[in-house]
>>> print(open('protein-v2.cif').read())   # mmCIF, C-alpha atoms (C1' of nucleotides)
data_start
#
loop_
_atom_site.group_PDB
_atom_site.id
_atom_site.type_symbol
_atom_site.label_atom_id
_atom_site.label_comp_id
_atom_site.auth_asym_id
_atom_site.auth_seq_id
_atom_site.Cartn_x
_atom_site.Cartn_y
_atom_site.Cartn_z
ATOM 1 C CA MET L 19 40.016 -4.571 -5.269
ATOM 2 C CA LYS L 20 36.389 -4.627 -6.311
ATOM 3 C CA LEU L 21 34.164 -1.972 -4.719
ATOM 4 C CA ALA L 22 30.408 -1.644 -5.101
ATOM 5 C CA THR L 23 27.448 0.388 -3.905
ATOM 6 C CA TRP L 24 23.744 -0.457 -3.889
ATOM 7 C CA ASN L 25 20.695 1.260 -2.454
ATOM 8 C CA VAL L 26 18.606 -1.807 -1.608
ATOM 9 C CA ASN L 27 15.400 -0.045 -0.430
ATOM 10 C CA SER L 28 14.927 -2.341 2.585
ATOM 11 C CA LEU L 29 17.471 -5.050 3.300
ATOM 12 C CA LYS L 30 14.749 -7.172 4.888
ATOM 13 C CA VAL L 31 13.009 -7.433 1.511
ATOM 14 C CA ARG L 32 16.164 -7.481 -0.620
ATOM 15 C CA LEU L 33 18.416 -9.862 1.329
ATOM 16 C CA PRO L 34 17.924 -12.732 -1.171
ATOM 17 C CA HIS L 35 18.963 -10.428 -4.027
ATOM 18 C CA VAL L 36 21.979 -9.209 -2.087
ATOM 19 C CA LEU L 37 23.115 -12.752 -1.254
ATOM 20 C CA ASP L 38 22.721 -13.844 -4.887
ATOM 21 C CA TRP L 39 24.572 -10.788 -6.101
ATOM 22 C CA LEU L 40 27.465 -11.261 -3.655
ATOM 23 C CA ALA L 41 27.845 -14.860 -4.814
ATOM 24 C CA THR L 42 27.888 -13.808 -8.466
ATOM 25 C CA GLU L 43 30.006 -10.649 -8.300
ATOM 26 C CA GLN L 44 32.157 -11.367 -5.234
ATOM 27 C CA PRO L 45 33.043 -7.734 -4.523
ATOM 28 C CA ASP L 46 35.647 -7.115 -1.843
ATOM 29 C CA VAL L 47 33.463 -4.419 -0.314
ATOM 30 C CA LEU L 48 29.774 -3.685 -0.877
ATOM 31 C CA CYS L 49 28.214 -0.472 0.461
ATOM 32 C CA LEU L 50 24.484 -0.628 1.147
ATOM 33 C CA GLN L 51 22.022 2.216 1.631
ATOM 34 C CA GLU L 52 18.441 2.260 2.898
ATOM 35 C CA THR L 53 18.663 -0.893 4.980
ATOM 36 C CA LYS L 54 15.625 0.479 6.885
ATOM 37 C CA GLN L 55 16.185 -1.563 10.020
ATOM 38 C CA GLU L 56 17.726 -1.394 13.452
ATOM 39 C CA ASP L 57 21.067 -3.045 14.176
ATOM 40 C CA LYS L 58 19.356 -5.822 16.155
ATOM 41 C CA ALA L 59 17.394 -6.908 13.042
ATOM 42 C CA PHE L 60 20.394 -6.787 10.680
ATOM 43 C CA PRO L 61 21.239 -10.166 9.059
ATOM 44 C CA PHE L 62 24.840 -10.404 10.289
ATOM 45 C CA ALA L 63 24.790 -14.222 10.439
ATOM 46 C CA GLU L 64 23.388 -14.755 6.921
ATOM 47 C CA LEU L 65 26.030 -12.420 5.476
ATOM 48 C CA GLU L 66 28.816 -14.049 7.487
ATOM 49 C CA ALA L 67 27.717 -17.427 6.118
ATOM 50 C CA ALA L 68 28.098 -15.911 2.638
ATOM 51 C CA GLY L 69 31.666 -14.880 3.470
ATOM 52 C CA TYR L 70 31.025 -11.231 4.347
ATOM 53 C CA THR L 71 31.566 -9.439 7.628
ATOM 54 C CA ALA L 72 29.129 -6.573 8.009
ATOM 55 C CA HIS L 73 29.161 -3.265 9.852
ATOM 56 C CA HIS L 74 25.866 -1.411 10.144
ATOM 57 C CA ASN L 75 24.660 2.047 11.083
ATOM 58 C CA GLY L 76 20.939 1.502 11.242
ATOM 59 C CA GLN L 77 17.669 2.918 12.479
ATOM 60 C CA LYS L 78 14.034 1.918 12.393
ATOM 61 C CA THR L 79 12.028 2.471 9.165
ATOM 62 C CA TYR L 80 14.286 4.912 7.310
ATOM 63 C CA ASN L 81 17.858 5.345 6.078
ATOM 64 C CA GLY L 82 20.491 2.937 7.404
ATOM 65 C CA VAL L 83 23.850 2.148 5.789
ATOM 66 C CA ALA L 84 26.137 -0.881 5.897
ATOM 67 C CA LEU L 85 29.558 -2.071 4.779
ATOM 68 C CA LEU L 86 29.979 -5.713 3.775
ATOM 69 C CA GLY L 87 33.549 -6.926 3.344
ATOM 70 C CA ARG L 88 35.207 -10.203 2.557
ATOM 71 C CA ILE L 89 38.439 -8.661 3.829
ATOM 72 C CA ALA L 90 38.921 -7.257 7.326
ATOM 73 C CA ALA L 91 37.753 -3.750 8.183
ATOM 74 C CA THR L 92 39.589 -1.463 10.575
ATOM 75 C CA ASP L 93 38.742 1.940 12.058
ATOM 76 C CA VAL L 94 34.990 1.625 11.517
ATOM 77 C CA THR L 95 33.293 4.974 12.122
ATOM 78 C CA ARG L 96 29.666 6.112 11.966
ATOM 79 C CA ASP L 97 28.046 9.470 11.086
ATOM 80 C CA ILE L 98 29.690 12.782 10.219
ATOM 81 C CA PRO L 99 31.754 13.962 13.215
ATOM 82 C CA ASP L 100 30.492 17.158 14.883
ATOM 83 C CA PHE L 101 27.318 17.210 12.753
ATOM 84 C CA ASP L 102 24.204 16.703 14.815
ATOM 85 C CA ASP L 103 22.015 14.382 12.764
ATOM 86 C CA PRO L 104 19.587 11.701 13.967
ATOM 87 C CA GLN L 105 19.486 10.140 10.479
ATOM 88 C CA LYS L 106 21.840 7.215 9.905
ATOM 89 C CA ARG L 107 23.486 7.982 6.580
ATOM 90 C CA ILE L 108 27.237 7.381 6.952
ATOM 91 C CA ILE L 109 29.475 4.447 7.764
ATOM 92 C CA ALA L 110 33.199 4.278 6.958
ATOM 93 C CA ALA L 111 36.019 1.782 7.379
ATOM 94 C CA THR L 112 39.507 1.016 6.115
ATOM 95 C CA TYR L 113 40.029 -2.068 3.948
ATOM 96 C CA ASP L 114 43.575 -2.981 2.968
ATOM 97 C CA GLY L 115 44.716 0.635 3.251
ATOM 98 C CA VAL L 116 41.722 2.023 1.356
ATOM 99 C CA ARG L 117 39.329 4.299 3.218
ATOM 100 C CA VAL L 118 35.811 3.372 2.130
ATOM 101 C CA ILE L 119 33.009 5.801 2.961
ATOM 102 C CA CYS L 120 29.431 4.642 2.393
ATOM 103 C CA ALA L 121 27.004 7.560 2.123
ATOM 104 C CA TYR L 122 23.258 7.930 1.756
ATOM 105 C CA ILE L 123 22.898 11.580 0.828
ATOM 106 C CA PRO L 124 19.453 13.043 1.607
ATOM 107 C CA ASN L 125 16.868 13.110 -1.165
ATOM 108 C CA GLY L 126 15.805 16.744 -0.673
ATOM 109 C CA GLN L 127 12.153 16.144 -1.673
ATOM 110 C CA GLU L 128 11.634 19.488 -3.423
ATOM 111 C CA VAL L 129 13.786 22.506 -4.207
ATOM 112 C CA GLY L 130 13.224 25.138 -1.535
ATOM 113 C CA SER L 131 11.729 22.722 1.007
ATOM 114 C CA GLU L 132 13.047 22.139 4.505
ATOM 115 C CA LYS L 133 14.374 18.761 3.382
ATOM 116 C CA TYR L 134 16.209 20.422 0.500
ATOM 117 C CA GLU L 135 17.888 22.839 2.915
ATOM 118 C CA TYR L 136 18.821 19.864 5.092
ATOM 119 C CA LYS L 137 20.321 18.147 2.028
ATOM 120 C CA LEU L 138 22.528 21.151 1.254
ATOM 121 C CA ARG L 139 23.592 21.515 4.920
ATOM 122 C CA TRP L 140 24.325 17.791 5.026
ATOM 123 C CA LEU L 141 26.434 17.978 1.862
ATOM 124 C CA ALA L 142 28.429 20.908 3.279
ATOM 125 C CA ALA L 143 29.070 18.952 6.489
ATOM 126 C CA LEU L 144 30.157 15.884 4.520
ATOM 127 C CA GLN L 145 32.551 17.976 2.459
ATOM 128 C CA GLY L 146 34.066 19.584 5.551
ATOM 129 C CA TRP L 147 34.729 16.183 7.053
ATOM 130 C CA LEU L 148 35.955 14.773 3.745
ATOM 131 C CA GLN L 149 38.715 17.402 3.518
ATOM 132 C CA GLN L 150 40.192 15.941 6.699
ATOM 133 C CA GLU L 151 39.618 12.333 5.683
ATOM 134 C CA ILE L 152 41.455 12.791 2.375
ATOM 135 C CA GLN L 153 44.431 14.302 4.204
ATOM 136 C CA ARG L 154 44.471 11.346 6.544
ATOM 137 C CA TYR L 155 43.699 8.676 3.947
ATOM 138 C CA PRO L 156 45.093 9.507 0.480
ATOM 139 C CA ARG L 157 43.498 6.286 -0.795
ATOM 140 C CA LEU L 158 39.833 7.159 -0.345
ATOM 141 C CA ALA L 159 36.610 6.049 -2.034
ATOM 142 C CA LEU L 160 33.245 7.725 -1.481
ATOM 143 C CA LEU L 161 30.455 5.410 -2.603
ATOM 144 C CA GLY L 162 26.739 5.672 -2.307
ATOM 145 C CA ASP L 163 23.399 7.106 -3.249
ATOM 146 C CA TYR L 164 24.205 10.770 -3.847
ATOM 147 C CA ASN L 165 20.684 11.722 -4.899
ATOM 148 C CA ILE L 166 22.340 14.009 -7.465
ATOM 149 C CA ALA L 167 22.355 13.564 -11.244
ATOM 150 C CA PRO L 168 25.604 15.417 -12.057
ATOM 151 C CA GLU L 169 24.847 16.350 -15.670
ATOM 152 C CA ASP L 170 21.962 16.388 -18.144
ATOM 153 C CA ARG L 171 23.310 13.221 -19.774
ATOM 154 C CA ASP L 172 22.577 11.490 -16.454
ATOM 155 C CA VAL L 173 18.859 12.294 -16.796
ATOM 156 C CA HIS L 174 16.375 10.624 -19.178
ATOM 157 C CA ASP L 175 14.351 13.837 -19.554
ATOM 158 C CA PRO L 176 16.587 16.836 -18.787
ATOM 159 C CA ALA L 177 13.907 19.367 -19.747
ATOM 160 C CA ALA L 178 11.406 17.923 -17.272
ATOM 161 C CA PHE L 179 14.030 17.747 -14.498
ATOM 162 C CA LYS L 180 15.587 21.157 -15.138
ATOM 163 C CA ASP L 181 16.120 22.920 -11.775
ATOM 164 C CA GLN L 182 14.163 20.141 -10.028
ATOM 165 C CA VAL L 183 15.442 18.259 -7.018
ATOM 166 C CA LEU L 184 18.352 15.900 -7.848
ATOM 167 C CA CYS L 185 19.264 18.181 -10.794
ATOM 168 C CA SER L 186 19.223 21.718 -9.375
ATOM 169 C CA VAL L 187 22.236 23.982 -9.749
ATOM 170 C CA PRO L 188 23.155 24.005 -6.014
ATOM 171 C CA GLU L 189 23.076 20.203 -5.921
ATOM 172 C CA ARG L 190 25.206 19.915 -9.042
ATOM 173 C CA GLU L 191 27.607 22.492 -7.618
ATOM 174 C CA ALA L 192 27.902 20.353 -4.499
ATOM 175 C CA PHE L 193 28.761 17.368 -6.686
ATOM 176 C CA GLN L 194 31.381 19.444 -8.533
ATOM 177 C CA LYS L 195 32.865 20.382 -5.176
ATOM 178 C CA PHE L 196 33.704 16.705 -4.664
ATOM 179 C CA ILE L 197 35.405 16.766 -8.062
ATOM 180 C CA GLY L 198 37.196 19.977 -7.046
ATOM 181 C CA MET L 199 38.551 18.137 -4.015
ATOM 182 C CA GLY L 200 40.337 15.834 -6.441
ATOM 183 C CA LEU L 201 37.824 13.001 -6.503
ATOM 184 C CA SER L 202 37.081 11.308 -9.813
ATOM 185 C CA ASP L 203 33.637 10.116 -10.961
ATOM 186 C CA SER L 204 34.915 6.636 -11.805
ATOM 187 C CA PHE L 205 31.974 5.902 -14.134
ATOM 188 C CA ARG L 206 33.058 8.768 -16.387
ATOM 189 C CA GLN L 207 36.666 7.615 -16.540
ATOM 190 C CA PHE L 208 35.489 5.108 -19.144
ATOM 191 C CA GLU L 209 33.414 5.075 -22.278
ATOM 192 C CA GLN L 210 29.821 4.241 -21.360
ATOM 193 C CA ALA L 211 26.598 3.563 -23.200
ATOM 194 C CA GLU L 212 24.359 6.587 -23.662
ATOM 195 C CA LYS L 213 21.381 6.762 -21.330
ATOM 196 C CA SER L 214 23.134 4.907 -18.519
ATOM 197 C CA TYR L 215 21.183 5.223 -15.276
ATOM 198 C CA SER L 216 21.296 3.709 -11.791
ATOM 199 C CA TRP L 217 17.716 4.422 -10.631
ATOM 200 C CA TRP L 218 14.330 3.978 -12.296
ATOM 201 C CA ASP L 219 10.939 4.937 -10.885
ATOM 202 C CA TYR L 220 8.779 2.001 -9.834
ATOM 203 C CA ARG L 221 5.808 3.776 -11.389
ATOM 204 C CA MET L 222 4.884 4.205 -15.036
ATOM 205 C CA MET L 223 7.085 1.279 -16.078
ATOM 206 C CA GLY L 224 10.141 3.422 -15.514
ATOM 207 C CA PHE L 225 12.641 0.625 -15.981
ATOM 208 C CA ARG L 226 11.083 -0.746 -19.175
ATOM 209 C CA ARG L 227 11.046 2.759 -20.626
ATOM 210 C CA ASN L 228 14.595 3.373 -19.285
ATOM 211 C CA ALA L 229 13.171 6.499 -17.668
ATOM 212 C CA GLY L 230 15.992 6.770 -15.157
ATOM 213 C CA LEU L 231 18.617 8.875 -13.466
ATOM 214 C CA ARG L 232 22.268 8.257 -12.654
ATOM 215 C CA ILE L 233 22.417 9.195 -8.971
ATOM 216 C CA ASP L 234 24.540 6.398 -7.457
ATOM 217 C CA HIS L 235 28.247 7.070 -7.754
ATOM 218 C CA ILE L 236 31.729 5.825 -6.906
ATOM 219 C CA LEU L 237 34.160 8.704 -6.420
ATOM 220 C CA LEU L 238 37.857 7.930 -6.096
ATOM 221 C CA SER L 239 40.816 9.922 -4.787
ATOM 222 C CA PRO L 240 43.717 10.375 -7.272
ATOM 223 C CA PRO L 241 45.811 7.326 -6.250
ATOM 224 C CA LEU L 242 42.739 5.096 -6.567
ATOM 225 C CA ALA L 243 41.424 6.698 -9.757
ATOM 226 C CA ALA L 244 44.804 6.046 -11.361
ATOM 227 C CA THR L 245 44.380 2.311 -10.772
ATOM 228 C CA CYS L 246 40.691 2.034 -11.661
ATOM 229 C CA SER L 247 40.279 -0.371 -14.578
ATOM 230 C CA THR L 248 36.499 -0.400 -14.966
ATOM 231 C CA CYS L 249 33.266 1.044 -13.609
ATOM 232 C CA ARG L 250 29.822 -0.194 -14.591
ATOM 233 C CA ILE L 251 26.195 -0.229 -13.552
ATOM 234 C CA ASP L 252 24.779 -3.740 -13.174
ATOM 235 C CA LYS L 253 21.179 -3.643 -14.360
ATOM 236 C CA ALA L 254 20.597 -7.371 -13.825
ATOM 237 C CA PRO L 255 19.141 -7.167 -10.289
ATOM 238 C CA ARG L 256 16.676 -4.476 -11.425
ATOM 239 C CA LYS L 257 15.082 -7.088 -13.704
ATOM 240 C CA LEU L 258 14.278 -9.519 -10.887
ATOM 241 C CA GLU L 259 10.954 -9.933 -9.090
ATOM 242 C CA ARG L 260 10.478 -7.277 -6.383
ATOM 243 C CA PRO L 261 13.655 -5.368 -7.253
ATOM 244 C CA SER L 262 15.167 -2.376 -5.542
ATOM 245 C CA ASP L 263 14.554 0.753 -7.601
ATOM 246 C CA HIS L 264 18.360 1.218 -7.698
ATOM 247 C CA ALA L 265 20.966 -0.889 -9.497
ATOM 248 C CA PRO L 266 24.415 -1.671 -8.070
ATOM 249 C CA VAL L 267 27.450 0.271 -9.316
ATOM 250 C CA VAL L 268 30.800 -1.554 -9.391
ATOM 251 C CA ALA L 269 34.387 -0.320 -9.764
ATOM 252 C CA GLU L 270 37.541 -2.412 -9.968
ATOM 253 C CA LEU L 271 40.973 -1.226 -8.841
ATOM 254 C CA THR L 272 44.331 -2.824 -9.529
ATOM 255 C CA LEU L 273 46.083 -1.630 -6.414
ATOM 256 C CA PRO L 274 49.832 -1.723 -5.854
ATOM 257 C CA PRO L 275 50.795 -2.694 -2.280
ATOM 258 C CA ALA L 276 49.943 0.005 0.276
ATOM 259 C "C1'" DA T 9 -4.440 15.066 -13.471
ATOM 260 C "C1'" DT T 10 0.744 16.787 -8.389
ATOM 261 C "C1'" DG T 11 -1.370 10.898 -9.910
ATOM 262 C "C1'" DG T 12 1.347 6.700 -11.388
ATOM 263 C "C1'" DC T 13 4.721 2.074 -7.128
ATOM 264 C "C1'" DT T 14 7.120 0.241 -2.993
ATOM 265 C "C1'" DT T 15 8.260 0.007 1.823
ATOM 266 C "C1'" DG T 16 7.461 0.231 6.975
ATOM 267 C "C1'" DA T 17 4.479 0.827 10.708
ATOM 268 C "C1'" DG T 18 0.581 -1.320 12.051
ATOM 269 C "C1'" DT T 19 -4.524 -2.886 11.042
ATOM 270 C "C1'" DG T 20 -6.266 2.357 8.579
ATOM 271 C "C1'" DT T 21 -3.824 4.951 6.067
ATOM 272 C "C1'" DC T 22 0.075 7.819 5.862
ATOM 273 C "C1'" DA T 23 5.183 9.291 5.349
ATOM 274 C "C1'" DA T 24 8.943 8.960 2.383
ATOM 275 C "C1'" DG T 25 11.396 7.938 -1.492
ATOM 276 C "C1'" DA T 26 13.314 10.270 -6.264
#
>>> encode(input="protein-v2.cif", output="structure tokens")
Amino acid sequence: MKLATWNVNSLKVRLPHVLDWLATEQPDVLCLQETKQEDKAFPFAELEAAGYTAHHNGQKTYNGVALLGRIAATDVTRDIPDFDDPQKRIIAATYDGVRVICAYIPNGQEVGSEKYEYKLRWLAALQGWLQQEIQRYPRLALLGDYNIAPEDRDVHDPAAFKDQVLCSVPEREAFQKFIGMGLSDSFRQFEQAEKSYSWWDYRMMGFRRNAGLRIDHILLSPPLAATCSTCRIDKAPRKLERPSDHAPVVAELTLPPA
DNA sequence: ATGGCTTGAGTGTCAAGA
């Protein structure tokens, strides 16, 4: 099973890139973040024509998450249960016995800001819900834009980002809490090139300078981590005209029958 | 230098991203 995540920064703008990428990579499930559109504008038909059935949790202008699958999804759920949140950041479904959760974790804007407090509250709510989900679904994958660079090696300039948003101690502790729940950062299960990032600022020629951060992650529960054969960041779409500022992350699992 | 791009809403210019 091939799983992927990609923050597309507007699906309306990026749909051609997504369709090309699906044709090339043929993931079983692709998680999208920042679709930035309402459900009624979502390109269900174009994706179906490409062989993918989509489920969307969208809103106007901001946020919005989707699951695209070439296998059937069951038990599709939206949002964190019992967490009052107008922002559409979660969609989950079960594919072939694997619980796939697509998350767009808040950015946090600035340490100490209201949005930062919201980010930490949101992370705590996600973790509370995740405890139950892992009990219910031992085969679980949490994919998405975490807006957290877990370690200094995930940051092009650790000194400049020290204690800044995306790199602050409370955010990194929240990431480690996922690890403490038994989830594995699949990218770090394998040897990787130094200075591997998944996001580069549009400004200041960030991509050409490789001035990036690794903030998009695929976390796997123990039974899935044990069967993960590869995890990589695909920089190719970031080189196209009008790219998303994020690159897709892909993990492959060699699953025994459920 | 608190900038530097990109997007959506909407038609002037701002919020938000990371």
>>> residues_around(input="protein-v2.cif", residues="Phe205 in chain L", least_positions_apart="3", cutoff="9 Å", atoms="only C-alpha atoms (C1' of nucleotides)", output="number ranges by chain")
L: 202, 208-210, 235-237, 248-251, 267-269
>>> atom_distance(input="protein-v2.cif", atom1="CA of Arg232 in chain L", atom2="CA of His74 in chain L")
25.0 Å
>>> resolve_selection(input="protein-v2.cif", expression="the PyMOL selection byres ((chain T) within 10 of (chain L))", output="CSV table (one decimal) with C-alpha atoms (C1' of nucleotides), in the coordinates of the input")
chain,number,residue,atom,x,y,z
T,12,DG,C1',1.3,6.7,-11.4
T,13,DC,C1',4.7,2.1,-7.1
T,14,DT,C1',7.1,0.2,-3.0
T,15,DT,C1',8.3,0.0,1.8
T,16,DG,C1',7.5,0.2,7.0
T,17,DA,C1',4.5,0.8,10.7
T,24,DA,C1',8.9,9.0,2.4
T,25,DG,C1',11.4,7.9,-1.5
T,26,DA,C1',13.3,10.3,-6.3
>>> atom_distance(input="protein-v2.cif", atom1="CA of Ile108 in chain L", atom2="CA of Asp170 in chain L")
27.2 Å
>>> residues_near_point(input="protein-v2.cif", point="(25.9, -3.0, -6.1)", cutoff="8 Å", atoms="all atoms listed in the file", output="PyMOL selection string")
chain L and resi 22-25+39+48-50+251-252+265-268
>>> resolve_selection(input="protein-v2.cif", expression="the PyMOL selection byres ((chain L and resi 100) around 12)", output="ChimeraX atom specification")
/L:96-99,101-103,140,143-144,146-147
>>> write_last_selection(input="protein-v2.cif", atoms="C-alpha atoms", output="PDB file, keeping the file's coordinate frame")
ATOM      1  CA  ARG L  96      29.666   6.112  11.966  1.00  0.00           C
ATOM      2  CA  ASP L  97      28.046   9.470  11.086  1.00  0.00           C
ATOM      3  CA  ILE L  98      29.690  12.782  10.219  1.00  0.00           C
ATOM      4  CA  PRO L  99      31.754  13.962  13.215  1.00  0.00           C
ATOM      5  CA  PHE L 101      27.318  17.210  12.753  1.00  0.00           C
ATOM      6  CA  ASP L 102      24.204  16.703  14.815  1.00  0.00           C
ATOM      7  CA  ASP L 103      22.015  14.382  12.764  1.00  0.00           C
ATOM      8  CA  TRP L 140      24.325  17.791   5.026  1.00  0.00           C
ATOM      9  CA  ALA L 143      29.070  18.952   6.489  1.00  0.00           C
ATOM     10  CA  LEU L 144      30.157  15.884   4.520  1.00  0.00           C
ATOM     11  CA  GLY L 146      34.066  19.584   5.551  1.00  0.00           C
ATOM     12  CA  TRP L 147      34.729  16.183   7.053  1.00  0.00           C
TER      13      TRP L 147
END
>>> residues_near_point(input="protein-v2.cif", point="(36.9, 13.1, -10.0)", cutoff="12 Å", atoms="all atoms listed in the file", output="PyMOL selection string")
chain L and resi 158-160+168+193-207+235-244+246
>>> residues_around(input="protein-v2.cif", residues="Ala84 in chain L", least_positions_apart="6", cutoff="12 Å", atoms="all atoms listed in the file", output="ChimeraX atom specification")
/L:22-26,28-29,47-57,60-62,65,70-77,94-97,106-111,118-122,161-162
>>> build_atoms(input="protein-v2.cif", residues="range 131-151 of chain L", atoms="N, CA and C atoms", output="PDB file, in the coordinates of the input")
ATOM      1  N   SER L 131      12.374  23.303  -0.175  1.00  0.00           N
ATOM      2  CA  SER L 131      11.729  22.722   1.007  1.00  0.00           C
ATOM      3  C   SER L 131      12.726  22.643   2.163  1.00  0.00           C
ATOM      4  N   GLU L 132      12.190  22.344   3.342  1.00  0.00           N
ATOM      5  CA  GLU L 132      13.047  22.139   4.505  1.00  0.00           C
ATOM      6  C   GLU L 132      14.010  20.982   4.270  1.00  0.00           C
ATOM      7  N   LYS L 133      13.520  19.925   3.638  1.00  0.00           N
ATOM      8  CA  LYS L 133      14.374  18.761   3.382  1.00  0.00           C
ATOM      9  C   LYS L 133      15.472  19.083   2.377  1.00  0.00           C
ATOM     10  N   TYR L 134      15.192  19.977   1.468  1.00  0.00           N
ATOM     11  CA  TYR L 134      16.209  20.422   0.500  1.00  0.00           C
ATOM     12  C   TYR L 134      17.311  21.208   1.216  1.00  0.00           C
ATOM     13  N   GLU L 135      16.893  22.083   2.142  1.00  0.00           N
ATOM     14  CA  GLU L 135      17.888  22.839   2.915  1.00  0.00           C
ATOM     15  C   GLU L 135      18.747  21.887   3.746  1.00  0.00           C
ATOM     16  N   TYR L 136      18.084  20.890   4.326  1.00  0.00           N
ATOM     17  CA  TYR L 136      18.821  19.864   5.092  1.00  0.00           C
ATOM     18  C   TYR L 136      19.823  19.145   4.193  1.00  0.00           C
ATOM     19  N   LYS L 137      19.423  18.816   2.972  1.00  0.00           N
ATOM     20  CA  LYS L 137      20.321  18.147   2.028  1.00  0.00           C
ATOM     21  C   LYS L 137      21.569  18.996   1.771  1.00  0.00           C
ATOM     22  N   LEU L 138      21.379  20.282   1.536  1.00  0.00           N
ATOM     23  CA  LEU L 138      22.528  21.151   1.254  1.00  0.00           C
ATOM     24  C   LEU L 138      23.415  21.311   2.489  1.00  0.00           C
ATOM     25  N   ARG L 139      22.805  21.438   3.667  1.00  0.00           N
ATOM     26  CA  ARG L 139      23.592  21.515   4.920  1.00  0.00           C
ATOM     27  C   ARG L 139      24.377  20.218   5.124  1.00  0.00           C
ATOM     28  N   TRP L 140      23.713  19.105   4.837  1.00  0.00           N
ATOM     29  CA  TRP L 140      24.325  17.791   5.026  1.00  0.00           C
ATOM     30  C   TRP L 140      25.520  17.630   4.083  1.00  0.00           C
ATOM     31  N   LEU L 141      25.350  18.058   2.842  1.00  0.00           N
ATOM     32  CA  LEU L 141      26.434  17.978   1.862  1.00  0.00           C
ATOM     33  C   LEU L 141      27.628  18.833   2.292  1.00  0.00           C
ATOM     34  N   ALA L 142      27.348  20.030   2.817  1.00  0.00           N
ATOM     35  CA  ALA L 142      28.429  20.908   3.279  1.00  0.00           C
ATOM     36  C   ALA L 142      29.181  20.263   4.442  1.00  0.00           C
ATOM     37  N   ALA L 143      28.435  19.628   5.353  1.00  0.00           N
ATOM     38  CA  ALA L 143      29.070  18.952   6.489  1.00  0.00           C
ATOM     39  C   ALA L 143      29.919  17.776   6.012  1.00  0.00           C
ATOM     40  N   LEU L 144      29.392  17.013   5.068  1.00  0.00           N
ATOM     41  CA  LEU L 144      30.157  15.884   4.520  1.00  0.00           C
ATOM     42  C   LEU L 144      31.451  16.386   3.888  1.00  0.00           C
ATOM     43  N   GLN L 145      31.364  17.471   3.153  1.00  0.00           N
ATOM     44  CA  GLN L 145      32.551  17.976   2.459  1.00  0.00           C
ATOM     45  C   GLN L 145      33.588  18.504   3.441  1.00  0.00           C
ATOM     46  N   GLY L 146      33.129  19.132   4.522  1.00  0.00           N
ATOM     47  CA  GLY L 146      34.066  19.584   5.551  1.00  0.00           C
ATOM     48  C   GLY L 146      34.831  18.427   6.158  1.00  0.00           C
ATOM     49  N   TRP L 147      34.099  17.371   6.466  1.00  0.00           N
ATOM     50  CA  TRP L 147      34.729  16.183   7.053  1.00  0.00           C
ATOM     51  C   TRP L 147      35.649  15.491   6.036  1.00  0.00           C
ATOM     52  N   LEU L 148      35.202  15.469   4.789  1.00  0.00           N
ATOM     53  CA  LEU L 148      35.955  14.773   3.745  1.00  0.00           C
ATOM     54  C   LEU L 148      37.340  15.393   3.519  1.00  0.00           C
ATOM     55  N   GLN L 149      37.409  16.721   3.650  1.00  0.00           N
ATOM     56  CA  GLN L 149      38.715  17.402   3.518  1.00  0.00           C
ATOM     57  C   GLN L 149      39.732  16.770   4.461  1.00  0.00           C
ATOM     58  N   GLN L 150      39.288  16.534   5.705  1.00  0.00           N
ATOM     59  CA  GLN L 150      40.192  15.941   6.699  1.00  0.00           C
ATOM     60  C   GLN L 150      40.474  14.477   6.371  1.00  0.00           C
ATOM     61  N   GLU L 151      39.452  13.767   5.954  1.00  0.00           N
ATOM     62  CA  GLU L 151      39.618  12.333   5.683  1.00  0.00           C
ATOM     63  C   GLU L 151      40.610  12.103   4.538  1.00  0.00           C
TER      64      GLU L 151
END
